[in-house]
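Visitor: This is the structure I have questions about; it appears just below.
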Protein chains: 2
Amino acid sequence: MKYSQLFGKTLRTTPHEYRARSHALLIQGGFIRPLGQGLFSFLPLGIQVLEKIKQVVREELNALGGQEVQVPLVNPMDIWNKSGRSQFIGRDMVRFEDRTGKKLVLSPTSEEAMVELSQLSLKSYRDLPVFLYQFQIKFRDEEKVRCGLVRAKEFLMNDGYSFHRSYSDLNNFFPKIFAAYEKIFERCNIPFLTAEAGVGYIGGSKAYEFLMPVDYGDDLVLTCDACGYRANREVAVGIKDHPAGNPLPMEEVETPGIVTMDELSAFLKVRKTSLAKTMVYRLRDGFVMAVVRGDYDVSIEKLSRFLEKQVIRLAHEEELTELGLNPGYLSPVGIDPPVPVIADDTVANSPNLVFGGNREGYHYINVNFGRDFETEHVGDIVSLRGDNRCIQCGELLQEIRAMELGNIFKMGDIYTRDMGLVFKDDNDRYVYPSMGSYGIGIGRLMAAVVEGNSDDKGIIWPPHLSPYAVFLMGIGRSFKVDRIVDKIYETMPSSILCDDRKESPGVKFKDADLIGIPLRIVVSAKHLADEKVELHDRKTEETWLIPITTIKDVLKVWQ
Amino acid sequence: MKYSQLFGKTLRTTPHEYRARSHALLIQGGFIRPLGQGLFSFLPLGIQVLEKIKQVVREELNALGGQEVQVPLVNPMDIWNKSGRSQFIGRDMVRFEDRTGKKLVLSPTSEEAMVELSQLSLKSYRDLPVFLYQFQIKFRDEEKVRCGLVRAKEFLMNDGYSFHRSYSDLNNFFPKIFAAYEKIFERCNIPFLTAEAGVGYIGGSKAYEFLMPVDYGDDLVLTCDACGYRANREVAVGIKDHPAGNPLPMEEVETPGIVTMDELSAFLKVRKTSLAKTMVYRLRDGFVMAVVRGDYDVSIEKLSRFLEKQVIRLAHEEELTELGLNPGYLSPVGIDPPVPVIADDTVANSPNLVFGGNREGYHYINVNFGRDFETEHVGDIVSLRGDNRCIQCGELLQEIRAMELGNIFKMGDIYTRDMGLVFKDDNDRYVYPSMGSYGIGIGRLMAAVVEGNSDDKGIIWPPHLSPYAVFLMGIGRSFKVDRIVDKIYETMPSSILCDDRKESPGVKFKDADLIGIPLRIVVSAKHLADEKVELHDRKTEETWLIPITTIKDVLKVWQ
């Protein structure tokens with residue numbers, strides 16, 4: 001491709017306000033352009049990289065026996081009702097009606113459609129296992145959109161779905177997909193880490209995520225340097241400290257207008273470790289009250305796991321009132337709670353806590369678990385922090401900010417049961433296949449490649465992901481230079497980006513660095529005098545001269 | 001690929017109720033499955049064919065200098081307001097709001113997004129011309145969904161957009177894209193015809209369509225066998241007959257409750273050629289009244305062209321009332337019409353017509369143009385029929401029912417002007433680039449390939465579109481047969497679909513015919529005794545024996 005002909009060239013001005021380097025470099029280099037909030041167009045260079053990334057993913061998934069399919073982005077709402085997810089996926093999922101009033105959604109993920117497809121395509125138990133994947137657009141009306149391709153509303157996703165005869169078969173498949181994902185990120189030359197993760201609205205029993213450490217990441221991973229423990233903050237377990245102290249007599253105190261933890265801490269002059277925080281959550285059926293210590297936050301993920309039920313959202317104020325609870329002064333103390341109560345172990349083990357008074361303007365102080373109130377369950381339901389210690393080895397955990405690159409979920413038979421995908425096994429027993437679900441955002445992966453492969457001057461594409469193998473340019477206005485440039489170009493025009501513009505060498509070098517093609521060939525009158533041309537390695541910045549006669553061999557190797 | 005492993009096999013039962021052969025064969029053969037109304041999933045075999053069709057399209061467009069890009073499916077409504085199209089595209093285009101209340105649409109086509117992308121990517125007049133294309137999902141909430149991939153709501157489209165320095169440059173590009181489209185359909189082995197077409201909501205001055213004759217087609221093409229004239233019914237021109245007769249005196253007659261053409265024809269005992277039909281249409285600014293003879297229908301396309309303004313829709317009853325018109329008895333006779341009036345030439349040339357009386361329950365009879373009323377304009381604004389004669393040679397036109405495969409539009413600068421894409425030319429004059437737009441539905445093209453390449457037994461894929469090059473099967477339970485089958489399979493497993501099931505030869509032959517891979521290799525104990533295997537050509541049904549030793553050479557040729 002001649003650069004003069006290429007649609008979408010480099011931009012001279014650095015886009016300010018971009019927090020992610022990948023965002024700025026992909027726009028500046030001529031790979032993407034914005035169309036609207038969280039909406040991006042791909043320029044020809046961007047399409048080339050996308051296709052190469054897709055090919056890497058395809059190869060690794062095919063190696064596991066993956067078969068490429070495609071289900072529609074638009075789904076009938078019916079199938080989301082069947083699985084029950086329409087209830088607890090919020091505004092992320094766009095819902096609309098067609099002209100006949102039929103309810104449709106823009107699917108944020110494709111578990112339902114894949115179960116339907118399997119329903120129409122698998123004939124028997126013996127057709128299992130099967131591993132399907134697709135490259136398909138997703139639209140998620142995310143609350144926060146930022147950093148370009150890192151978090152867009154519309155994005156290309158590679159999502160895979162496997163169906164197995166049993167949960168143990170799914171378990172056996174899991175390390176394979178885990179390894180395939182590792183290989184994909186390795187082939188993309190991305191520094192990544194893996195961590196146990198929450199399942200979110202995908203559901204299921206277990207999830208792992210693959211993350212890349214970046215300071216603007218949305219995820220916080222807790223890691224232990226000593227033993228290697230790693231988990232997303234929302235599911236990480238660890239040792240929580242409990243203050244010592246003798247139980248004092250419980251008292252009711254006046255706390256007029258004091259509702260937040262900060263106000264309460266200041267008003268009573270106690271640290272947050274001496275406060276208790278009570279929250280009520282909506283479940284698919286009913287509510288649950290969760291009590292944690294004031295210095296921790298409830299982890300919806302841990303709470304859902306503990307309950308073995310999906311927590312949908314915080315209860316609304318009206319719902320609390322209907323339950324006979326006082327929204328500003330919630331607590332399980334002094335009343336017979338109208339809903340099940342779960343206390344975090346920090347609450348059970350900390351003496352003399354402050355609790356809501358269950359009436360306007362009052363709190364209880366010196367509340368002690370077991371003596372002043374009890375709960376049906378005690379468990380670990382809080383998100384940890386960097387000051388917690390590792391549950392495996394006792395060392396202090398570290399917090400690492402990261403962005404998620406991919407996710408794998410072990411779901412079991414929750415979807416196949418809810419949606420009625422069932423087969424008879426060899427013993428004539430009904431079996432609901434066990435299902436796993438696996439996803440990588442392809443656009444985000446492209447951003448991650450840039451984050452992991454760039455310097456102050458621009459991008460440094462890993463050779464097999466580069467839009468072109470070679471960046472070719474001539475220096476100086478010489479007929480001979482032009483002729484040699486053309487000759488080299490014609491050896492493999494589809495692998496060379498040839499900067500044929502009448503620009504200064506400075507401009508061409510700058511653009512070459514920005515675009516980031518790994519190998520550069522520079523033809524100049526000076527070296528042509530010795531029948532040589534210059535090669536430049538974008539990554540190592542090494543430069544060396546080679547005889548023109550050998551250029552074909554060099555190109556072959558680099559192609 | 002081993003057939004036993006393939007996800008999505010043939011279906012034994014013939015789906016009834018399918019009107020299009022392609023619909024039934026693609027489902028039966030294991031290429032697609034329905035997910036909902038107008039929503040289809042692609043199975044692995046279907047994905048393979050799709051990718052091959054995309055490659056044919058890509059090659060032909062790249063040969064014209066086309067560059068692949070991608071714009072989002074979801075567009076901000078803003079850009080559709082900028083072009084003005086949000087006003088006159090109806091329910092085809094799904095509109096929704098994001099969580100912040102921002103208006104978005106599912107774009108049914110991408111002119112706006114491509115102009116925006118060019119705005120951000122073209123730097124000067126000298127960057128023109130540029131020809132961009134994409135493969136992107138479209139969603140159109142069509143009124144009628146039918147025949148499987150022929151008319152789906154969600155579908156993969158290849159849409160191209162070119163920008164030129166001048167209208168004459170666009171004109172010069174047009175024969176090239178026309179030829180590229182012809183080549184694409186030829187390479188897909190589809191019998192097609194080309195015809196002048198209406199521009200619909202794409203707009204512009206000229207459009208051509210590529211159609212395939214099928215009895216369930218949505219389009220009616222008028223063709224002249226004598227001279228080769230071909231145009232879609234909505235824009236076709238031709239000779240219209242006019243009855244002779246002397247003008248009689250105009251009279252007002254009572255026609256109580258008579259409003260439709262049929263009622264009027266029956267009540268007055270006259271043929272529809274003696275009636276006049278008056279319609280009022282909404283334009284972007286204001287209204288227009290169109291008068292045609294009762295035996296013809298108004299062609300919105302012709303009317304828009306005549307006016308050089310987009311006709312949006314029929315006026316609503318309330319709008320008519322507001323204009324002081326009587327909805328049931330509309331006509332330009334006996335009043336001073338409140339909006340411009342256009343008469344079809346049939347009205348101007350036919351004597352003694354019946355017109356609405358502009359008051360409840362009355363019509364005028366024996367109305368004669370020029371004597372009893374006049375209009376500002378007379379033109380050709382009706383859709384023709386098979387009983388019209390060719391305007392070029394006078395022969396009777398033929399009606400051919402067909403489905404549209406692709407469309408090319410010459411739009412000029414309507415979008416670039418409305419959306420402000422402008423450059424200074426070499427003489428410092430402002431130039432709005434001239435734009436063309438070109439589209440092929442990839443899923444529909446796949447259906448058309450099946451329509452054009454199938455027989456009673458199933459599909460017959462053209463070799464370069466076939467999901468696999470070879471269908472391989474063994475007959476009989478013989479260790480030697482299995483071994484030879486395996487050996488052949490291993491020479492090129494990615495090009496062979498190997499039916500390794502323990503099914504009867506009859507079942508395997510039937511499935512092979514249905515799936516439609518062009519070359520079949522049959523290994524049997526009988527022929528192995530002579531060191532031979534059987535080849536079968538799916539299309540010609542020829543069968544011949546070849547020595548096993550030569551199989552590698554045969555495979556190379558067919559691959």
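Scheme for the structure tokens: letters A, B, ... for chains in order shown; per-chain residue numbers from 1; ligand numbers from 1 in order shown.
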Give me the chain B side of the contact with chain A, cut-off 6 Å, one line per residue showing its nearest atom pair and distance in Å at one decimal, counting only C-alpha atoms, sorted by chain and residue number, as JSON lines.

Guide:
{"residue": "B:Gly8", "atom": "CA", "partner": "A:Ser121", "partner_atom": "CA", "distance": 4.8}
{"residue": "B:Ser41", "atom": "CA", "partner": "A:Val71", "partner_atom": "CA", "distance": 4.3}
{"residue": "B:Phe42", "atom": "CA", "partner": "A:Gln70", "partner_atom": "CA", "distance": 5.0}
{"residue": "B:Leu43", "atom": "CA", "partner": "A:Val69", "partner_atom": "CA", "distance": 4.9}
{"residue": "B:Pro44", "atom": "CA", "partner": "A:Val69", "partner_atom": "CA", "distance": 5.1}
{"residue": "B:Glu68", "atom": "CA", "partner": "A:Pro44", "partner_atom": "CA", "distance": 5.5}
{"residue": "B:Val69", "atom": "CA", "partner": "A:Leu43", "partner_atom": "CA", "distance": 4.9}
{"residue": "B:Gln70", "atom": "CA", "partner": "A:Phe42", "partner_atom": "CA", "distance": 5.0}
{"residue": "B:Val71", "atom": "CA", "partner": "A:Ser41", "partner_atom": "CA", "distance": 4.3}
{"residue": "B:Ser121", "atom": "CA", "partner": "A:Gly8", "partner_atom": "CA", "distance": 4.7}

Visitor: Can I get the selected residues back with N, CA and C atoms, as a CSV table (one decimal), in the first residue's frame?

Guide:
chain,number,residue,atom,x,y,z
B,8,GLY,N,-23.8,-28.9,14.0
B,8,GLY,CA,-24.9,-28.5,13.1
B,8,GLY,C,-24.9,-29.4,11.8
B,41,SER,N,-28.9,-17.5,13.0
B,41,SER,CA,-27.5,-17.9,13.4
B,41,SER,C,-26.9,-18.7,12.3
B,42,PHE,N,-25.6,-18.5,12.2
B,42,PHE,CA,-24.8,-19.3,11.2
B,42,PHE,C,-24.0,-20.4,11.9
B,43,LEU,N,-24.2,-21.6,11.3
B,43,LEU,CA,-23.5,-22.8,11.8
B,43,LEU,C,-22.1,-22.8,11.2
B,44,PRO,N,-21.2,-23.6,11.6
B,44,PRO,CA,-19.8,-23.6,11.1
B,44,PRO,C,-19.8,-23.7,9.5
B,68,GLU,N,-10.8,-1.3,3.2
B,68,GLU,CA,-11.7,-1.8,4.1
B,68,GLU,C,-11.6,-1.0,5.4
B,69,VAL,N,-12.8,-0.6,5.9
B,69,VAL,CA,-12.9,0.2,7.2
B,69,VAL,C,-14.1,-0.4,7.9
B,70,GLN,N,-14.4,0.1,9.1
B,70,GLN,CA,-15.6,-0.3,9.7
B,70,GLN,C,-16.2,0.9,10.6
B,71,VAL,N,-17.4,1.2,10.4
B,71,VAL,CA,-18.1,2.2,11.3
B,71,VAL,C,-19.1,1.4,12.2
B,121,SER,N,-10.8,12.1,8.6
B,121,SER,CA,-9.7,11.4,8.1
B,121,SER,C,-9.1,12.0,6.8

Visitor: Among stretch 340-451 of chain B, which ones does DSSP place in strand (DSSP E), written as number ranges by chain?

Guide: B: 341-344, 353-356, 362-367, 377-379, 382-383, 389-390, 398-412, 423-424, 430-431, 434-441

Visitor: How would the residues just picked look written out with N, CA and C atoms as a compact mmCIF listing (two decimals), in the first residue's frame?

Guide:
# COMPACT_ATOMS: atom_id res chain seq x y z
N VAL B 341 -50.00 21.22 -7.59
CA VAL B 341 -50.63 20.03 -8.16
C VAL B 341 -49.82 19.54 -9.36
N ILE B 342 -49.62 18.25 -9.42
CA ILE B 342 -48.95 17.63 -10.56
C ILE B 342 -49.88 16.57 -11.13
N ALA B 343 -50.07 16.62 -12.44
CA ALA B 343 -50.92 15.61 -13.09
C ALA B 343 -50.05 14.68 -13.92
N ASP B 344 -50.36 13.41 -13.88
CA ASP B 344 -49.69 12.47 -14.79
C ASP B 344 -50.19 12.75 -16.20
N LEU B 353 -62.90 12.43 -17.57
CA LEU B 353 -62.56 11.66 -16.36
C LEU B 353 -63.47 12.00 -15.20
N VAL B 354 -63.51 11.08 -14.24
CA VAL B 354 -64.28 11.31 -13.01
C VAL B 354 -63.32 11.79 -11.93
N PHE B 355 -63.64 12.87 -11.26
CA PHE B 355 -62.81 13.44 -10.19
C PHE B 355 -63.61 13.57 -8.91
N GLY B 356 -62.95 13.63 -7.80
CA GLY B 356 -63.58 13.89 -6.52
C GLY B 356 -64.25 15.26 -6.52
N TYR B 362 -69.98 13.66 -3.33
CA TYR B 362 -70.12 14.17 -4.70
C TYR B 362 -68.87 13.94 -5.52
N HIS B 363 -69.05 13.65 -6.78
CA HIS B 363 -67.95 13.60 -7.74
C HIS B 363 -68.31 14.44 -8.95
N TYR B 364 -67.28 14.82 -9.69
CA TYR B 364 -67.50 15.45 -11.00
C TYR B 364 -67.30 14.39 -12.06
N ILE B 365 -68.15 14.40 -13.09
CA ILE B 365 -67.87 13.52 -14.24
C ILE B 365 -67.60 14.38 -15.46
N ASN B 366 -67.02 13.71 -16.48
CA ASN B 366 -66.67 14.41 -17.73
C ASN B 366 -65.76 15.61 -17.50
N VAL B 367 -64.76 15.39 -16.66
CA VAL B 367 -63.80 16.47 -16.42
C VAL B 367 -62.73 16.39 -17.49
N HIS B 377 -47.97 21.50 -13.27
CA HIS B 377 -47.04 20.60 -13.95
C HIS B 377 -47.76 19.37 -14.47
N VAL B 378 -47.29 18.87 -15.63
CA VAL B 378 -47.72 17.58 -16.13
C VAL B 378 -46.45 16.74 -16.32
N GLY B 379 -46.49 15.49 -15.88
CA GLY B 379 -45.29 14.67 -16.02
C GLY B 379 -45.64 13.20 -15.94
N VAL B 382 -46.30 7.79 -12.70
CA VAL B 382 -46.95 6.52 -12.32
C VAL B 382 -46.02 5.32 -12.52
N SER B 383 -46.32 4.27 -11.77
CA SER B 383 -45.63 2.99 -11.96
C SER B 383 -46.24 2.28 -13.16
N ARG B 389 -46.02 -0.23 -23.28
CA ARG B 389 -45.06 -0.52 -24.34
C ARG B 389 -43.75 0.22 -24.12
N CYS B 390 -42.68 -0.34 -24.70
CA CYS B 390 -41.33 0.18 -24.50
C CYS B 390 -41.20 1.57 -25.12
N GLN B 398 -42.25 -6.63 -20.60
CA GLN B 398 -42.50 -7.84 -19.83
C GLN B 398 -42.27 -7.54 -18.34
N GLU B 399 -43.03 -8.22 -17.50
CA GLU B 399 -42.80 -8.09 -16.05
C GLU B 399 -41.98 -9.28 -15.57
N ILE B 400 -40.89 -9.03 -14.88
CA ILE B 400 -40.11 -10.13 -14.29
C ILE B 400 -40.04 -9.92 -12.78
N ARG B 401 -40.43 -10.94 -12.05
CA ARG B 401 -40.36 -10.85 -10.59
C ARG B 401 -38.94 -11.25 -10.17
N ALA B 402 -38.34 -10.48 -9.30
CA ALA B 402 -36.93 -10.71 -8.98
C ALA B 402 -36.61 -10.25 -7.58
N MET B 403 -35.50 -10.75 -7.03
CA MET B 403 -35.04 -10.23 -5.74
C MET B 403 -33.76 -9.43 -5.99
N GLU B 404 -33.66 -8.37 -5.25
CA GLU B 404 -32.52 -7.47 -5.40
C GLU B 404 -31.30 -8.12 -4.73
N LEU B 405 -30.16 -8.09 -5.42
CA LEU B 405 -28.92 -8.62 -4.85
C LEU B 405 -27.98 -7.50 -4.41
N GLY B 406 -28.02 -6.43 -5.19
CA GLY B 406 -27.12 -5.32 -4.87
C GLY B 406 -27.66 -4.07 -5.52
N ASN B 407 -27.13 -2.96 -5.07
CA ASN B 407 -27.63 -1.66 -5.48
C ASN B 407 -26.46 -0.71 -5.56
N ILE B 408 -26.44 0.13 -6.57
CA ILE B 408 -25.43 1.19 -6.58
C ILE B 408 -26.12 2.53 -6.79
N PHE B 409 -25.71 3.50 -6.02
CA PHE B 409 -26.37 4.81 -6.00
C PHE B 409 -25.39 5.92 -6.33
N LYS B 410 -25.83 6.79 -7.20
CA LYS B 410 -25.04 7.98 -7.52
C LYS B 410 -25.70 9.12 -6.75
N MET B 411 -25.06 9.57 -5.70
CA MET B 411 -25.74 10.52 -4.82
C MET B 411 -25.33 11.97 -5.02
N GLY B 412 -24.18 12.20 -5.65
CA GLY B 412 -23.72 13.58 -5.76
C GLY B 412 -23.36 14.14 -4.40
N PHE B 423 -13.95 20.87 1.01
CA PHE B 423 -12.52 21.13 0.83
C PHE B 423 -12.34 22.30 -0.12
N LYS B 424 -11.16 22.90 -0.06
CA LYS B 424 -10.82 23.92 -1.05
C LYS B 424 -10.07 23.25 -2.19
N TYR B 430 -14.46 26.32 -2.83
CA TYR B 430 -14.99 25.27 -1.97
C TYR B 430 -15.65 24.18 -2.82
N VAL B 431 -15.33 22.94 -2.49
CA VAL B 431 -15.89 21.81 -3.23
C VAL B 431 -16.49 20.81 -2.24
N SER B 434 -18.42 14.63 -4.35
CA SER B 434 -19.55 13.85 -4.86
C SER B 434 -19.42 12.42 -4.36
N MET B 435 -20.54 11.88 -3.99
CA MET B 435 -20.50 10.62 -3.26
C MET B 435 -21.34 9.55 -3.97
N GLY B 436 -20.83 8.34 -3.94
CA GLY B 436 -21.60 7.19 -4.41
C GLY B 436 -21.71 6.19 -3.29
N SER B 437 -22.72 5.35 -3.34
CA SER B 437 -22.93 4.37 -2.27
C SER B 437 -23.36 3.05 -2.90
N TYR B 438 -22.83 1.94 -2.40
CA TYR B 438 -22.93 0.65 -3.08
C TYR B 438 -23.14 -0.45 -2.06
N GLY B 439 -24.13 -1.30 -2.26
CA GLY B 439 -24.38 -2.29 -1.23
C GLY B 439 -24.77 -3.68 -1.75
N ILE B 440 -24.23 -4.67 -1.07
CA ILE B 440 -24.60 -6.06 -1.34
C ILE B 440 -24.89 -6.74 0.00
N GLY B 441 -26.05 -7.36 0.11
CA GLY B 441 -26.34 -8.13 1.32
C GLY B 441 -25.65 -9.49 1.22

Visitor: To one decimal place in Å, what is the distance between atom CA of A:Tyr281 and atom CA of A:Ile312?

Guide: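 Computing the Euclidean distance for atom CA of A:Tyr281 and atom CA of A:Ile312 yields 7.2 Å.
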
Visitor: Which residues are close to A:Leu323, i.e. within 8 Å by only C-alpha atoms, leaving aside same-chain residues fewer than 3 positions away? Reply as a ChimeraX atom specification.

Guide: /A:319-320,338

Visitor: Residues near A:Gly458, anyone? I mean within 8 Å using only C-alpha atoms, not counting same-chain ones fewer than 4 positions away, as a list in words.

Guide: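 In the requested format, the answer is Leu25, Gly29, Ser454, Asp513, Leu514, Ile515 and Gly516 of chain A.
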
Visitor: Looking at B:Pro327, B:Gly198, B:Pro243, B:Gly203, which one is nearest to B:Tyr415, with distances taken over only C-alpha atoms?

Guide: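 Going through B:Pro327, B:Gly198, B:Pro243, B:Gly203 one by one, the smallest distance to B:Tyr415 is for B:Gly203.
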
Visitor: Here is a test: counting only C-alpha atoms, which residue of B:Glu534, B:Gly160, B:Ala152, B:Gly294 is nearest to B:Glu111?

Guide: B:Gly160
